[in-house]
Amino acid sequence: MNSASQLKNFHCISEEELFAKLNLSDARGLSQDEAARRLQIFGPNELAEEEKVPWWKFLLRQFKSPMVYVLALAACISIIMGERLDAGAILVVILINAVIGFLTEYRAEQALQALKSMIVRQVKVIRDGEIGLLPSQELVPGDVVLLEAGDVVPADGRLIEAFSLAVDESTLTGESVPVDKTTDTLPKDTLLPDRINCLYTGTAVVRGNGKMLVCATGLHTELGRISTMLQKVEKREIPLEARLAKFTKFLIKLVLAIIFLIVAIGVLEGNELLAMFQIGIALAVAAIPEGLPFVATMTLALGVHRMAKLNALVRNLASVETLGSTSVICTDKTGTITLNKMTVRESLIASDKARELLFRVAVLCNNASINHENQIGDPMEVALLKWAYDNGFDPNEIRREYPRLKEDPFDSSVMRMATYHDNGIAVKGAPERLLQDCSFIYENDALKPLSSTLRDKWKDDVERLAKMGMRTLAFAFGHSLDELAFLGVVGIMDPPREEVKEAVASCRDAGIHVIMVTGDHVTTAVAIAKEVGIMDDHGLEALDGRQISEMDEEEIARRAREVAVIARVFPEHKSKIVKGLQKAGEVVAMTGDGVNDAVALKQADVGIAMGIQGTEVSKEAADIILEDDRFATIVNAVAEGRRIFDNIRKAVIYLLCCNLSEVLVVFGGILLKLPALLLPLQILWINLVTDVIPALALSLDPPEADTMKRLPKRKDEDILTRAHQIKIGFFGSVMFLGVLGITLYSLKYLGFSSLKATEISFHSLVLTQLFFVFSVRESSILRNPADLLKNPYLFLGVLASMLLQVAITYIPIFQRVLKIVPLSAGEWGIVLIGALIPTFVLQIYKLIKGV
């Protein structure tokens, strides 16, 4: 055997050639010496350990943010300027933000460990002609392994013997129904899901027994190949992180512009360069919204909590918002769109007299059992028992009345199963085969010969059911296999969940394109897709794995919005699909539950694993885990993600408007040669305390009415668009003018001292900003007064901040640090009037705009 590599494409090699390539003379297996030699060459049958990420790296990751860098720079400047209290407060904010992110995101990366846990420990192997138990890690190419029902396949290999062997390959291919296996050699171009002569690591034998010739072990198996692909998936940039990075660059430009402007104007007016530079730096620090990282992180953390109530567990904090930006959802079929419960959906019965006999055969020619919620056996056989029970036929009673004498197990060569009883033989199998085998049919309650005309009619009916995506089974009964009477056909299908159609329609309204990506057959996938509205008459098409193999990522990108169904796919296809969609500028959410989905889940912008049916591998590779496996839950989570981004945007606009008003108040005072209208520590108090509480309460705002009626945000859309920047400039200026006006009134007409005027300015600005938070929303309170209380947390947050602002005037430490004293009722009245004027102006503006 070639020691450089293990066998590939062994599905298309004849058994004789396969033995020759593996240097075996027969099925007596390897000698112990040869097996030991091969173990040295190929290594153990296990997957390589991925280096675990230590906890401290997760913590350090929280500090790798442009906004954190800006805040850290602001803290350093504050220390240089002797403002240590300012610096300390900023550093505390950075630390709190990092701790919240760390506690929310800290997870051990265990995708490969989960993969390894799927490899069985002991297997039956033939070596030197004798059967023995062996640790699965010691298997090598050329070993002959014995398998039976209940075994997990320990390596990849080719079947050399199979007796009624059926394997559950759903974790690898996504196909929900067990696959009947054969030893026949297949064409080279046969896709992995159709390689019925091969067995793959981690799949499970559900029926029969057989012998497998091991052809690939360890990283050379399909499971190993997936683990290698997982390691190669590059960490993607999360849209929210990209938007925050862009926003930070905008903030840096703004800060530099403020410094330059202040220094230039001050020097032109004859002030000293160093003094103006210090003032410019102070204003620049004031312009930075220190509380923003904390508000953004807490908004996401609260979103995680809300999504948990929607049965969506979030593993990655920023993926909450990313889900809201989703433009394409690639969804699995089985268990997500469908119930993952095979059900008889159509029945064609030869006649009324054949009806009772058909139900009896469906129960007798059946090895499954059902007892309340406990179901054991082949899913299709379970479906037949439930169908019989729902139609008034008790399986237990029928089996007691007609005990089984013997059984002919399902055989792929004759495509049928038969059970023998005192009163006759019950048979079920492929319709096309039973129509050939049956000599009679019950028609008009009489037993008549099955003519060729009738056979053709039944074949047409079977074809009609097949086009609807159903798996068909035919039933017959007779006193011998040569005198069978045809009873009818049933169509079995995994039906869609009731709520999926409405959820898909909601996606369409929200501009989200849904693509069903499944390992199942194209016909079945298309039928389900049409039933739930994923595929309609608007020119959408279905592709299969073979077509995807022939396409490059650029072509997938070009056709992204034309495809509704992609069937018969395997791991490379799913990853390729995701990359192609991402090249088209789409934000992709990928759902999955199997090992075959892990790579695509990790590659997608948002990976969504199934909590009930999902493997540990898929869960560890995902960002979000659905506890109920429902597609509707994904759509609800998308709506929540959109709400979260809207609220983060509101918080950003609110904080920047507030900071701009502070900068303009200080800057305006300098231009008008007024006493300092705000002190540095007063600015820090506003930024870290009174602004943060309302901004955080904004995160709990309910969704806007059009949340799921508008198109997804473009991938390159900033947190602040040009329209938002203009709005910030306008709103900030209105607040500044209101505060400036009341301060000038206090100085010029009321004769207040400069210190008292500064305090009036400080309190007025705080209350102005607190009232302004209600103007961040699109609608006007004057038009919809009820909006004032639509988020009670916001109302209470504003009230709490107002009480806090009043309370600090009576606390000695704040009096000293912030240079304030208690105000009289009349002075508070002046502050209140100064704060309400900008709010009234802004609400009138919104009313005129018609919002």
# chains A, B, ... in the order shown; residues from 1 in each chain; ligands from 1
>>> residues_around(residues="Leu384 in chain A", least_positions_apart="5", cutoff="8 Å", atoms="only C-alpha atoms", output="count of residues only")
4
>>> atom_distance(atom1="CA of Asp168 in chain A", atom2="CA of Thr523 in chain A")
20.4 Å
>>> residues_around(residues="range 491-493 of chain A", least_positions_apart="5", cutoff="9 Å", atoms="only C-alpha atoms", output="list in words")
Lys341, Met342, Thr343, Val344, Arg345, Glu346, Ser347, Leu348, Met380, Ala383, Leu384, Val462, Leu465, Ala466, Gly469, Met470, Arg471, Thr472, Leu473 and Thr524 of chain A
>>> write_last_selection(atoms="N, CA, C and O atoms", output="PDB file, in the first residue's frame")
ATOM      1  N   LYS A 341     -40.323  14.592  11.853  1.00  0.00           N
ATOM      2  CA  LYS A 341     -41.154  13.430  12.191  1.00  0.00           C
ATOM      3  C   LYS A 341     -41.800  12.936  10.901  1.00  0.00           C
ATOM      4  O   LYS A 341     -42.682  13.595  10.350  1.00  0.00           O
ATOM      5  N   MET A 342     -41.341  11.791  10.418  1.00  0.00           N
ATOM      6  CA  MET A 342     -41.918  11.244   9.205  1.00  0.00           C
ATOM      7  C   MET A 342     -43.401  10.955   9.438  1.00  0.00           C
ATOM      8  O   MET A 342     -43.792  10.389  10.462  1.00  0.00           O
ATOM      9  N   THR A 343     -44.227  11.376   8.487  1.00  0.00           N
ATOM     10  CA  THR A 343     -45.678  11.290   8.644  1.00  0.00           C
ATOM     11  C   THR A 343     -46.305  10.827   7.338  1.00  0.00           C
ATOM     12  O   THR A 343     -45.884  11.252   6.259  1.00  0.00           O
ATOM     13  N   VAL A 344     -47.311   9.976   7.443  1.00  0.00           N
ATOM     14  CA  VAL A 344     -48.063   9.572   6.252  1.00  0.00           C
ATOM     15  C   VAL A 344     -48.956  10.746   5.855  1.00  0.00           C
ATOM     16  O   VAL A 344     -49.861  11.135   6.596  1.00  0.00           O
ATOM     17  N   ARG A 345     -48.690  11.320   4.681  1.00  0.00           N
ATOM     18  CA  ARG A 345     -49.446  12.506   4.253  1.00  0.00           C
ATOM     19  C   ARG A 345     -50.459  12.187   3.160  1.00  0.00           C
ATOM     20  O   ARG A 345     -51.416  12.938   2.961  1.00  0.00           O
ATOM     21  N   GLU A 346     -50.229  11.103   2.434  1.00  0.00           N
ATOM     22  CA  GLU A 346     -51.163  10.701   1.374  1.00  0.00           C
ATOM     23  C   GLU A 346     -51.318   9.186   1.399  1.00  0.00           C
ATOM     24  O   GLU A 346     -50.348   8.463   1.661  1.00  0.00           O
ATOM     25  N   SER A 347     -52.518   8.727   1.149  1.00  0.00           N
ATOM     26  CA  SER A 347     -52.730   7.274   1.027  1.00  0.00           C
ATOM     27  C   SER A 347     -53.657   7.000  -0.149  1.00  0.00           C
ATOM     28  O   SER A 347     -54.695   7.649  -0.300  1.00  0.00           O
ATOM     29  N   LEU A 348     -53.247   6.076  -0.995  1.00  0.00           N
ATOM     30  CA  LEU A 348     -54.050   5.639  -2.145  1.00  0.00           C
ATOM     31  C   LEU A 348     -54.380   4.170  -1.926  1.00  0.00           C
ATOM     32  O   LEU A 348     -53.496   3.310  -2.027  1.00  0.00           O
ATOM     33  N   MET A 380     -39.713   5.688   9.143  1.00  0.00           N
ATOM     34  CA  MET A 380     -40.837   5.429   8.235  1.00  0.00           C
ATOM     35  C   MET A 380     -41.775   4.379   8.811  1.00  0.00           C
ATOM     36  O   MET A 380     -43.000   4.465   8.655  1.00  0.00           O
ATOM     37  N   ALA A 383     -43.812   6.015  11.462  1.00  0.00           N
ATOM     38  CA  ALA A 383     -44.875   6.809  10.837  1.00  0.00           C
ATOM     39  C   ALA A 383     -46.072   5.939  10.472  1.00  0.00           C
ATOM     40  O   ALA A 383     -47.230   6.353  10.642  1.00  0.00           O
ATOM     41  N   LEU A 384     -45.805   4.730   9.991  1.00  0.00           N
ATOM     42  CA  LEU A 384     -46.899   3.816   9.625  1.00  0.00           C
ATOM     43  C   LEU A 384     -47.709   3.407  10.859  1.00  0.00           C
ATOM     44  O   LEU A 384     -48.946   3.351  10.816  1.00  0.00           O
ATOM     45  N   VAL A 462     -48.084   6.845  -8.265  1.00  0.00           N
ATOM     46  CA  VAL A 462     -46.854   6.817  -7.457  1.00  0.00           C
ATOM     47  C   VAL A 462     -45.922   7.943  -7.888  1.00  0.00           C
ATOM     48  O   VAL A 462     -45.318   8.639  -7.047  1.00  0.00           O
ATOM     49  N   LEU A 465     -47.010  11.258  -6.422  1.00  0.00           N
ATOM     50  CA  LEU A 465     -46.614  11.411  -5.021  1.00  0.00           C
ATOM     51  C   LEU A 465     -45.117  11.721  -4.902  1.00  0.00           C
ATOM     52  O   LEU A 465     -44.703  12.535  -4.078  1.00  0.00           O
ATOM     53  N   ALA A 466     -44.322  11.061  -5.751  1.00  0.00           N
ATOM     54  CA  ALA A 466     -42.875  11.279  -5.723  1.00  0.00           C
ATOM     55  C   ALA A 466     -42.537  12.720  -6.098  1.00  0.00           C
ATOM     56  O   ALA A 466     -41.641  13.337  -5.517  1.00  0.00           O
ATOM     57  N   GLY A 469     -42.506  15.183  -3.489  1.00  0.00           N
ATOM     58  CA  GLY A 469     -41.427  15.048  -2.515  1.00  0.00           C
ATOM     59  C   GLY A 469     -41.639  13.947  -1.500  1.00  0.00           C
ATOM     60  O   GLY A 469     -40.937  13.895  -0.484  1.00  0.00           O
ATOM     61  N   MET A 470     -42.582  13.063  -1.746  1.00  0.00           N
ATOM     62  CA  MET A 470     -42.883  12.012  -0.767  1.00  0.00           C
ATOM     63  C   MET A 470     -42.111  10.736  -1.079  1.00  0.00           C
ATOM     64  O   MET A 470     -41.812  10.425  -2.226  1.00  0.00           O
ATOM     65  N   ARG A 471     -41.811  10.007  -0.011  1.00  0.00           N
ATOM     66  CA  ARG A 471     -41.241   8.667  -0.157  1.00  0.00           C
ATOM     67  C   ARG A 471     -42.422   7.704  -0.159  1.00  0.00           C
ATOM     68  O   ARG A 471     -43.281   7.770   0.729  1.00  0.00           O
ATOM     69  N   THR A 472     -42.450   6.816  -1.131  1.00  0.00           N
ATOM     70  CA  THR A 472     -43.632   5.968  -1.306  1.00  0.00           C
ATOM     71  C   THR A 472     -43.368   4.523  -0.886  1.00  0.00           C
ATOM     72  O   THR A 472     -42.261   3.999  -1.064  1.00  0.00           O
ATOM     73  N   LEU A 473     -44.381   3.916  -0.295  1.00  0.00           N
ATOM     74  CA  LEU A 473     -44.347   2.508   0.083  1.00  0.00           C
ATOM     75  C   LEU A 473     -45.640   1.846  -0.382  1.00  0.00           C
ATOM     76  O   LEU A 473     -46.721   2.420  -0.220  1.00  0.00           O
ATOM     77  N   THR A 524     -37.781  16.323  -2.939  1.00  0.00           N
ATOM     78  CA  THR A 524     -38.349  16.502  -1.609  1.00  0.00           C
ATOM     79  C   THR A 524     -38.165  17.937  -1.129  1.00  0.00           C
ATOM     80  O   THR A 524     -39.081  18.565  -0.595  1.00  0.00           O
TER      81      THR A 524
END
>>> closest_atom_pairs(of="range 247-338 of chain A", to="range 172-192 of chain A", cutoff="12 Å", atoms="only C-alpha atoms", output="tab-separated table")
residue	atom	partner	partner_atom	distance
A:Thr331	CA	A:Gly174	CA	11.7
A:Asp332	CA	A:Gly174	CA	8.1
A:Lys333	CA	A:Gly174	CA	8.5
A:Thr334	CA	A:Ser176	CA	6.5
A:Gly335	CA	A:Ser176	CA	8.9
A:Thr336	CA	A:Gly174	CA	11.7
A:Thr338	CA	A:Ser176	CA	10.6
>>> residues_around(residues="Gln603 in chain A", least_positions_apart="5", cutoff="12 Å", atoms="only C-alpha atoms", output="PyMOL selection string")
chain A and resi 229-238+571-572+574-582+587-591+597-598+608+621-623
>>> select_by_dssp(residues="range 212-377 of chain A", states="alpha helix (DSSP H)", output="number ranges by chain")
A: 222-232, 239-268, 273-287, 292-309, 319-324, 352-364
>>> select_by_dssp(residues="range 549-782 of chain A", states="strand (DSSP E)", output="list in words")
Val563, Ala564, Val565, Ile566, Ala567, Val588, Ala589, Met590, Thr591, Gly592, Val606, Gly607, Ile608, Ala609, Met610, Ile624, Ile625 and Leu626 of chain A
>>> closest_residue(among="A:Arg783, A:Glu550, A:His513, A:Gly592", to="Lys619 in chain A", atoms="only C-alpha atoms")
A:Gly592
>>> closest_residue(among="A:His521, A:Ser764, A:Thr758, A:Glu321", to="Leu836 in chain A", atoms="only C-alpha atoms")
A:Ser764
>>> atom_distance(atom1="CA of Glu138 in chain A", atom2="CA of Leu22 in chain A")
16.7 Å
>>> residues_around(residues="Ser31 in chain A", least_positions_apart="5", cutoff="9 Å", atoms="only C-alpha atoms", output="number ranges by chain")
A: 36, 127-129
>>> residues_around(residues="Ile848 in chain A", least_positions_apart="3", cutoff="12 Å", atoms="only C-alpha atoms", output="number ranges by chain")
A: 779-780, 782-783, 841-845, 851
>>> write_last_selection(atoms="N, CA and C atoms", output="PDB file, in the first residue's frame")
ATOM      1  N   SER A 779     -40.721  59.721  16.185  1.00  0.00           N
ATOM      2  CA  SER A 779     -42.027  60.371  16.326  1.00  0.00           C
ATOM      3  C   SER A 779     -41.983  61.508  17.338  1.00  0.00           C
ATOM      4  N   SER A 780     -42.942  62.431  17.217  1.00  0.00           N
ATOM      5  CA  SER A 780     -43.053  63.564  18.125  1.00  0.00           C
ATOM      6  C   SER A 780     -44.003  63.234  19.271  1.00  0.00           C
ATOM      7  N   LEU A 782     -45.601  65.408  20.877  1.00  0.00           N
ATOM      8  CA  LEU A 782     -46.772  66.276  20.714  1.00  0.00           C
ATOM      9  C   LEU A 782     -47.841  65.609  19.860  1.00  0.00           C
ATOM     10  N   ARG A 783     -47.392  64.757  18.921  1.00  0.00           N
ATOM     11  CA  ARG A 783     -48.353  64.031  18.089  1.00  0.00           C
ATOM     12  C   ARG A 783     -48.829  62.760  18.779  1.00  0.00           C
ATOM     13  N   VAL A 841     -38.647  73.237  21.232  1.00  0.00           N
ATOM     14  CA  VAL A 841     -38.268  73.575  19.853  1.00  0.00           C
ATOM     15  C   VAL A 841     -38.112  72.317  19.008  1.00  0.00           C
ATOM     16  N   LEU A 842     -37.434  71.302  19.563  1.00  0.00           N
ATOM     17  CA  LEU A 842     -37.198  70.056  18.816  1.00  0.00           C
ATOM     18  C   LEU A 842     -38.500  69.307  18.556  1.00  0.00           C
ATOM     19  N   GLN A 843     -39.413  69.305  19.520  1.00  0.00           N
ATOM     20  CA  GLN A 843     -40.688  68.615  19.332  1.00  0.00           C
ATOM     21  C   GLN A 843     -41.552  69.322  18.289  1.00  0.00           C
ATOM     22  N   ILE A 844     -41.508  70.663  18.274  1.00  0.00           N
ATOM     23  CA  ILE A 844     -42.214  71.428  17.236  1.00  0.00           C
ATOM     24  C   ILE A 844     -41.634  71.112  15.864  1.00  0.00           C
ATOM     25  N   TYR A 845     -40.289  71.013  15.815  1.00  0.00           N
ATOM     26  CA  TYR A 845     -39.604  70.660  14.557  1.00  0.00           C
ATOM     27  C   TYR A 845     -40.077  69.292  14.044  1.00  0.00           C
ATOM     28  N   VAL A 851     -43.655  63.735  11.767  1.00  0.00           N
ATOM     29  CA  VAL A 851     -43.307  62.441  12.355  1.00  0.00           C
ATOM     30  C   VAL A 851     -43.782  62.390  13.791  1.00  0.00           C
TER      31      VAL A 851
END
>>> atom_distance(atom1="CA of Lys713 in chain A", atom2="CA of Thr322 in chain A")
10.3 Å
